[in-house]
$ cat query13.txt   # compact mmCIF, C-alpha atoms
# COMPACT_ATOMS: atom_id res chain seq x y z
CA MET A 128 166.39 -32.36 -36.87
CA ALA A 129 164.73 -29.14 -35.77
CA ILE A 130 166.37 -27.09 -33.03
CA ASP A 131 164.11 -26.13 -30.15
CA LYS A 132 165.02 -22.49 -29.63
CA GLU A 133 162.76 -22.35 -26.59
CA SER A 134 164.64 -25.05 -24.68
CA GLN A 135 167.00 -24.40 -21.80
CA GLY A 136 169.77 -26.27 -23.63
CA PHE A 137 169.58 -23.93 -26.61
CA THR A 138 169.60 -20.88 -24.34
CA PHE A 139 172.59 -22.23 -22.41
CA LEU A 140 174.54 -23.06 -25.61
CA PHE A 141 173.72 -19.70 -27.17
CA SER A 142 174.95 -17.91 -24.03
CA ILE A 143 178.24 -19.83 -24.09
CA ILE A 144 178.80 -19.02 -27.77
CA MET A 145 178.08 -15.32 -27.20
CA VAL A 146 180.46 -15.18 -24.21
CA VAL A 147 183.22 -16.79 -26.29
CA VAL A 148 182.60 -14.46 -29.25
CA VAL A 149 182.50 -11.30 -27.12
CA ALA A 150 185.60 -12.36 -25.15
CA THR A 151 187.47 -13.03 -28.39
CA VAL A 152 186.49 -9.66 -29.87
CA LEU A 153 187.50 -7.81 -26.70
CA SER A 154 190.79 -9.69 -26.52
CA LEU A 155 191.62 -8.87 -30.13
CA ALA A 156 190.66 -5.23 -29.58
CA ALA A 157 192.87 -5.03 -26.48
CA MET A 158 195.82 -6.51 -28.36
CA GLY A 159 195.25 -4.10 -31.22
CA LEU A 160 195.16 -1.10 -28.88
CA LYS A 161 198.11 -2.16 -26.71
CA GLY A 162 200.71 -0.73 -29.08
CA PRO A 163 199.15 2.77 -29.27
CA GLN A 164 198.42 2.75 -25.52
CA ASP A 165 202.01 1.84 -24.68
CA GLU A 166 203.29 4.56 -27.01
CA ASN A 167 200.99 7.15 -25.41
CA MET A 168 202.22 6.18 -21.94
CA LYS A 169 205.82 6.38 -23.14
CA GLN A 170 205.29 9.84 -24.59
CA GLU A 171 203.48 11.02 -21.46
CA LYS A 172 206.41 9.85 -19.33
CA MET A 173 208.81 11.76 -21.57
CA GLN A 174 206.58 14.81 -21.32
CA ASN A 175 206.55 14.65 -17.50
CA ILE A 176 210.32 14.21 -17.27
CA LEU A 177 210.80 17.24 -19.49
CA GLY A 178 208.17 19.09 -17.45
CA SER A 179 210.31 18.68 -14.33
CA LEU A 180 213.05 20.48 -16.29
CA GLN A 181 210.60 23.33 -16.93
CA ILE A 182 210.26 22.35 -20.58
CA GLU A 183 206.62 22.52 -21.62
CA VAL A 184 205.92 20.41 -24.70
CA SER A 185 203.14 18.29 -26.15
CA ARG A 186 203.41 14.49 -26.13
CA GLU A 187 204.48 14.43 -29.76
CA GLU A 188 207.04 17.17 -29.16
CA ALA A 189 208.31 15.27 -26.10
CA ARG A 190 208.99 12.22 -28.27
CA LEU A 191 210.97 14.31 -30.72
CA THR A 192 213.00 16.37 -28.21
CA PHE A 193 213.49 13.95 -25.29
CA GLY A 194 216.99 12.93 -26.39
CA ASP A 195 218.06 16.56 -26.72
CA PHE A 196 217.81 16.99 -22.95
CA VAL A 197 218.01 13.50 -21.39
CA LYS A 198 221.60 12.43 -22.01
CA LYS A 199 222.00 9.36 -19.79
CA ARG A 200 219.61 6.89 -18.20
CA LEU A 201 221.09 5.13 -15.18
CA ILE A 202 219.94 2.20 -13.06
CA LEU A 203 221.17 2.27 -9.46
CA ASN A 204 221.22 -0.44 -6.82
CA TYR A 205 220.41 0.15 -3.15
CA LYS A 206 224.03 1.16 -2.49
CA GLY A 207 223.81 3.96 -5.04
CA GLU A 208 226.05 2.11 -7.48
CA VAL A 209 225.38 2.34 -11.22
CA THR A 210 224.48 -1.11 -12.55
CA SER A 211 223.37 -0.05 -16.03
CA GLU A 212 223.75 3.00 -18.26
CA SER A 213 221.89 3.80 -21.47
CA GLU A 214 222.17 6.57 -24.02
CA GLY A 215 220.48 7.37 -27.29
CA ALA A 216 217.24 5.71 -28.36
CA ILE A 217 215.12 4.10 -25.65
CA LYS A 218 215.35 0.33 -25.85
CA SER A 219 212.34 -1.54 -27.21
CA LEU A 220 211.34 -5.05 -26.16
CA ALA A 221 210.46 -6.02 -29.72
CA ALA A 222 213.48 -4.48 -31.43
CA ASP A 223 216.25 -4.85 -28.83
CA GLY A 224 215.23 -7.91 -26.81
CA LYS A 225 214.34 -8.49 -23.18
CA ALA A 226 217.83 -8.01 -21.72
CA ALA A 227 218.40 -4.63 -23.38
CA PHE A 228 214.84 -3.53 -22.61
CA GLU A 229 215.21 -4.29 -18.89
CA ALA A 230 218.66 -2.68 -18.76
CA ASP A 231 217.21 0.68 -19.84
CA ALA A 232 216.20 2.83 -16.86
CA PHE A 233 213.32 4.35 -18.83
CA ASN A 234 211.56 0.97 -18.90
CA LEU A 235 211.82 0.24 -15.17
CA ASP A 236 208.48 -0.15 -13.40
CA ILE A 237 209.17 1.99 -10.34
CA LYS A 238 205.99 0.77 -8.63
CA LYS A 239 207.40 -2.76 -8.46
CA GLN A 240 210.72 -1.52 -7.10
CA PHE A 241 209.10 0.32 -4.19
CA ARG A 242 205.94 -1.67 -3.51
CA ASP A 243 206.92 -5.30 -3.96
CA LYS A 244 207.36 -6.28 -0.30
CA SER A 245 208.81 -9.66 -1.27
CA LYS A 246 211.72 -8.07 -3.14
CA PRO A 247 214.89 -7.77 -0.99
CA ASP A 248 216.83 -4.50 -1.07
CA SER A 249 219.66 -6.20 -2.94
CA GLU A 250 217.32 -6.81 -5.90
CA ARG A 251 215.74 -3.38 -6.07
CA ARG A 252 216.71 -1.06 -8.92
CA TYR A 253 216.15 2.65 -9.21
CA PRO A 254 216.14 4.81 -12.37
CA LEU A 255 217.95 8.14 -12.59
CA PHE A 256 217.97 10.48 -15.59
CA ILE A 257 220.96 12.75 -16.16
CA CYS A 258 219.93 15.74 -18.24
CA GLU A 259 221.39 18.88 -19.77
CA LYS A 260 219.65 22.15 -20.42
CA GLU A 261 221.32 25.35 -21.57
CA GLY A 262 224.73 24.05 -20.57
CA SER A 263 223.74 22.97 -17.04
CA LYS A 264 223.38 19.45 -15.67
CA TYR A 265 220.27 18.17 -13.87
CA TYR A 266 219.25 14.92 -12.21
CA VAL A 267 215.64 13.79 -12.66
CA ILE A 268 214.19 11.30 -10.19
CA PRO A 269 210.84 9.51 -10.61
CA LEU A 270 208.52 9.50 -7.58
CA ILE A 271 205.80 7.09 -6.48
CA GLY A 272 203.46 7.32 -3.50
CA THR A 273 199.89 7.11 -2.20
CA GLY A 274 197.34 9.88 -1.82
CA LEU A 275 193.87 9.85 -0.27
CA TRP A 276 192.16 7.62 -2.84
CA GLY A 277 194.97 5.98 -4.76
CA PRO A 278 198.44 6.25 -6.30
CA ILE A 279 200.21 9.56 -6.83
CA TRP A 280 203.44 10.00 -8.77
CA GLY A 281 205.76 12.55 -10.29
CA PHE A 282 209.27 13.63 -11.17
CA VAL A 283 211.65 16.02 -9.43
CA ALA A 284 214.68 17.60 -11.10
CA LEU A 285 217.69 18.52 -8.97
CA GLU A 286 220.34 20.99 -10.02
CA GLY A 287 223.97 20.01 -10.48
CA ASP A 288 224.56 20.23 -6.73
CA MET A 289 222.23 17.22 -6.34
CA ASN A 290 220.43 19.17 -3.64
CA THR A 291 218.46 22.13 -5.02
CA VAL A 292 215.11 21.50 -6.73
CA PHE A 293 215.01 22.91 -10.24
CA GLY A 294 211.49 21.71 -11.03
CA ALA A 295 208.82 19.19 -10.07
CA THR A 296 205.76 17.61 -11.62
CA PHE A 297 203.08 15.55 -9.84
CA ASP A 298 200.00 13.67 -10.98
CA HIS A 299 197.23 11.31 -9.86
CA LYS A 300 194.14 9.52 -11.08
CA THR A 301 191.66 9.57 -8.22
CA GLU A 302 192.34 12.48 -5.85
CA THR A 303 189.47 14.79 -4.89
CA PRO A 304 188.78 17.55 -7.48
CA GLY A 305 189.53 21.00 -6.11
CA LEU A 306 191.49 19.54 -3.19
CA GLY A 307 194.10 16.78 -3.47
CA ALA A 308 193.76 16.78 -7.25
CA GLU A 309 195.47 20.17 -7.26
CA ILE A 310 198.91 18.57 -6.88
CA ASN A 311 199.32 18.67 -10.68
CA GLN A 312 198.75 22.41 -10.85
CA GLY A 313 201.55 24.93 -11.32
CA TRP A 314 200.64 26.90 -8.20
CA PHE A 315 201.42 23.78 -6.12
CA GLU A 316 204.44 22.54 -8.11
CA ASN A 317 206.30 25.84 -8.58
CA PRO A 318 207.03 26.53 -4.86
CA PHE A 319 209.25 23.44 -4.80
CA ILE A 320 211.72 25.27 -7.03
CA GLY A 321 214.75 26.38 -5.02
CA ASP A 322 214.02 24.12 -2.04
CA LYS A 323 216.75 21.75 -0.86
CA ILE A 324 216.67 18.10 0.18
CA PHE A 325 219.79 18.31 2.39
CA ASP A 326 220.30 20.65 5.33
CA GLU A 327 223.37 22.82 5.99
CA SER A 328 225.25 19.93 7.61
CA GLY A 329 224.65 17.63 4.66
CA GLU A 330 221.92 15.54 6.30
CA PHE A 331 219.03 14.37 4.16
CA VAL A 332 215.81 16.08 5.33
CA SER A 333 213.66 15.87 2.17
CA ILE A 334 210.91 18.46 1.59
CA LYS A 335 207.77 18.57 3.74
CA VAL A 336 204.37 19.65 2.45
CA ILE A 337 202.97 21.38 5.53
CA LYS A 338 200.78 24.32 6.44
CA GLY A 339 202.89 27.45 6.21
CA GLY A 340 205.76 25.47 4.69
CA THR A 341 206.65 28.08 2.09
CA THR A 342 208.49 30.87 3.86
CA PRO A 343 211.70 32.72 2.90
CA ASP A 344 213.67 31.04 5.70
CA ASN A 345 212.35 27.51 5.06
CA LEU A 346 214.23 25.76 2.25
CA HIS A 347 212.74 22.38 3.08
CA GLY A 348 208.99 23.06 3.04
CA VAL A 349 206.05 23.80 0.75
CA ASP A 350 202.53 24.90 1.67
CA ALA A 351 200.01 22.10 2.06
CA ILE A 352 196.77 22.15 0.08
CA THR A 353 193.92 23.57 2.12
CA GLY A 354 191.40 20.76 2.63
CA GLY A 355 193.78 18.25 1.05
CA THR A 356 195.76 17.25 4.14
CA ILE A 357 195.96 13.53 3.39
CA THR A 358 197.12 14.08 -0.19
CA SER A 359 199.64 16.68 1.04
CA ASN A 360 200.95 14.17 3.56
CA GLY A 361 201.13 11.63 0.75
CA VAL A 362 203.33 13.96 -1.30
CA SER A 363 205.60 14.47 1.73
CA SER A 364 205.92 10.72 2.26
CA MET A 365 206.44 10.13 -1.45
CA LEU A 366 209.30 12.62 -1.57
CA GLU A 367 211.00 11.25 1.53
CA ASN A 368 210.57 7.56 0.74
CA THR A 369 211.66 7.93 -2.88
CA LEU A 370 214.46 10.47 -2.60
CA LYS A 371 216.19 8.76 0.32
CA VAL A 372 217.15 5.74 -1.82
CA TYR A 373 219.18 8.10 -4.04
CA VAL A 374 221.12 9.61 -1.12
CA PRO A 375 224.00 7.06 -1.39
CA TYR A 376 224.49 8.01 -5.05
CA PHE A 377 224.41 11.72 -4.28
CA LYS A 378 226.83 11.36 -1.38
CA ASN A 379 229.20 9.30 -3.54
CA ASN A 380 229.14 11.75 -6.43
CA SER A 381 229.08 15.19 -4.83
CA ASP A 382 230.40 17.08 -1.83
CA ILE A 383 227.03 17.29 -0.06
CA ALA A 384 228.62 17.96 3.33
CA SER A 385 230.05 21.27 2.08
CA ILE A 386 226.67 22.70 1.12

$ encode --input "query13.txt" --output "structure tokens"
Amino acid sequence: MAIDKESQGFTFLFSIIMVVVVATVLSLAAMGLKGPQDENMKQEKMQNILGSLQIEVSREEARLTFGDFVKKRLILNYKGEVTSESEGAIKSLAADGKAAFEADAFNLDIKKQFRDKSKPDSERRYPLFICEKEGSKYYVIPLIGTGLWGPIWGFVALEGDMNTVFGATFDHKTETPGLGAEINQGWFENPFIGDKIFDESGEFVSIKVIKGGTTPDNLHGVDAITGGTITSNGVSSMLENTLKVYVPYFKNNSDIASI
């Protein structure tokens, strides 16, 4: 029986077959690329954590040297209590299983912890990285926030006093080039160094990104980006909203009030 290639039925069937074939090919390609994509994201995260410690390395170098500087990976609850602690190799879902994978602070999806409105405080978990560099201890905190056009994120490293900023890295995907997009540039990140998140009485004040914020007598401010007010405000909110959840841990583990 001859097939009428001019009929609507043939056209409809051919379209269905092509959709199924293309969808299958794309699905297989996505599965094949997932492993390399996940590894790239993992290495980039390592690179950014090390960047907050003022260690500039490539992604491949970050993978090789991460453990030399990041000694402990903690998960905290909303009371600042340590609920999980990991050392050594980062846990893998495939090799170590779901329980071990989720118990490793490196694998926590911080976006879900801060943005899932249905999650009660008692179920939220926060990662903290305890690091060593040249004999000194540092605490690296991941940040998540919102800029003008979309998500912004970063890492801030505090010195052993759990108060003074040692380094900071920020990034984005969609901020305006030449304006808000400048948050990932050294000239914006470097002024955070030496600023403090607690005032002289031990109260948490965070760090504000405001016009004229960087002055010798202001240890809690950094200059806003000219023309990038909304992104600058987003960085301020990100710092305050993220850092404040770590205050209970800092207060429990250091003499903040004596600073």

$ closest_residue --input "query13.txt" --among "A:Arg251, A:Lys323, A:Lys169, A:Lys335" --to "Thr291 in chain A" --atoms "only C-alpha atoms"
A:Lys323

$ residues_near_point --input "query13.txt" --point "(215.9, -0.6, 0.4)" --cutoff "8 Å" --atoms "all atoms listed in the file" --output "VMD selection string"
chain A and resid 205 247 to 249 251 372

$ closest_residue --input "query13.txt" --among "A:Val146, A:Cys258, A:Val184, A:Val374" --to "Lys198 in chain A" --atoms "only C-alpha atoms"
A:Cys258

$ closest_residue --input "query13.txt" --among "A:Leu220, A:Leu235, A:Val362, A:Val336" --to "Trp280 in chain A" --atoms "all atoms listed in the file"
A:Val362

$ axis_aligned_box --input "query13.txt" --around "range 225-241 of chain A" --padding-each-side "8 Å" --output "JSON"
{"center_x": 212.3, "center_y": -2.1, "center_z": -13.8, "size_x": 28.7, "size_y": 28.8, "size_z": 35.2}

$ atom_distance --input "query13.txt" --atom1 "CA of Ile334 in chain A" --atom2 "CA of Arg242 in chain A"
21.4 Å

$ residues_around --input "query13.txt" --residues "range 304-317 of chain A" --least-positions-apart "6" --cutoff "6 Å" --atoms "only C-alpha atoms" --output "ChimeraX atom specification"
/A:295,297-298,354-355,358

$ closest_residue --input "query13.txt" --among "A:Phe241, A:Phe196, A:Tyr376, A:Phe233" --to "Pro254 in chain A" --atoms "all atoms listed in the file"
A:Phe233

$ decode --input "query13.txt" --residues "range 238-263 of chain A" --atoms "N, CA and C atoms" --output "short mmCIF file (atom, residue, chain, number, x, y, z; two decimals), in the first residue's frame"
data_model
loop_
_atom_site.label_atom_id
_atom_site.label_comp_id
_atom_site.auth_asym_id
_atom_site.auth_seq_id
_atom_site.Cartn_x
_atom_site.Cartn_y
_atom_site.Cartn_z
N LYS A 238 20.48 28.64 47.73
CA LYS A 238 19.28 29.33 47.23
C LYS A 238 18.02 28.76 47.87
N LYS A 239 17.97 27.45 48.01
CA LYS A 239 16.79 26.82 48.61
C LYS A 239 16.68 27.19 50.08
N GLN A 240 17.82 27.30 50.76
CA GLN A 240 17.79 27.59 52.20
C GLN A 240 17.27 29.00 52.48
N PHE A 241 17.56 29.93 51.59
CA PHE A 241 17.15 31.32 51.82
C PHE A 241 15.86 31.69 51.10
N ARG A 242 15.53 31.03 50.00
CA ARG A 242 14.42 31.50 49.17
C ARG A 242 13.17 30.64 49.22
N ASP A 243 13.27 29.46 49.82
CA ASP A 243 12.09 28.61 49.93
C ASP A 243 11.23 29.11 51.08
N LYS A 244 10.18 29.87 50.74
CA LYS A 244 9.33 30.50 51.75
C LYS A 244 8.55 29.46 52.57
N SER A 245 8.38 28.27 52.03
CA SER A 245 7.62 27.24 52.74
C SER A 245 8.46 26.53 53.79
N LYS A 246 9.76 26.73 53.77
CA LYS A 246 10.65 26.03 54.69
C LYS A 246 10.71 26.78 56.02
N PRO A 247 10.34 26.15 57.13
CA PRO A 247 10.43 26.82 58.44
C PRO A 247 11.88 27.00 58.86
N ASP A 248 12.13 27.97 59.74
CA ASP A 248 13.50 28.24 60.18
C ASP A 248 14.16 26.99 60.75
N SER A 249 13.39 26.17 61.44
CA SER A 249 13.96 24.99 62.08
C SER A 249 14.52 23.98 61.08
N GLU A 250 14.14 24.10 59.80
CA GLU A 250 14.61 23.16 58.78
C GLU A 250 15.68 23.77 57.88
N ARG A 251 15.98 25.02 58.08
CA ARG A 251 16.99 25.67 57.23
C ARG A 251 18.39 25.29 57.70
N ARG A 252 19.30 25.15 56.71
CA ARG A 252 20.67 24.78 57.01
C ARG A 252 21.60 25.72 56.26
N TYR A 253 22.70 26.07 56.92
CA TYR A 253 23.60 27.07 56.36
C TYR A 253 25.04 26.56 56.35
N PRO A 254 25.71 26.64 55.20
CA PRO A 254 27.09 26.15 55.12
C PRO A 254 28.11 27.19 55.61
N LEU A 255 29.16 26.69 56.23
CA LEU A 255 30.26 27.55 56.68
C LEU A 255 31.56 26.79 56.45
N PHE A 256 32.54 27.48 55.86
CA PHE A 256 33.82 26.85 55.53
C PHE A 256 34.92 27.43 56.42
N ILE A 257 35.56 26.56 57.18
CA ILE A 257 36.66 26.98 58.05
C ILE A 257 37.96 26.70 57.32
N CYS A 258 38.74 27.74 57.13
CA CYS A 258 39.92 27.67 56.28
C CYS A 258 41.19 28.09 57.03
N GLU A 259 42.32 27.69 56.48
CA GLU A 259 43.61 28.10 57.02
C GLU A 259 44.49 28.57 55.87
N LYS A 260 45.18 29.68 56.13
CA LYS A 260 46.11 30.21 55.14
C LYS A 260 47.28 30.86 55.88
N GLU A 261 48.46 30.36 55.60
CA GLU A 261 49.68 30.89 56.22
C GLU A 261 49.56 30.94 57.74
N GLY A 262 49.00 29.90 58.31
CA GLY A 262 48.93 29.77 59.75
C GLY A 262 47.77 30.51 60.42
N SER A 263 46.95 31.20 59.65
CA SER A 263 45.81 31.93 60.21
C SER A 263 44.50 31.27 59.82
#
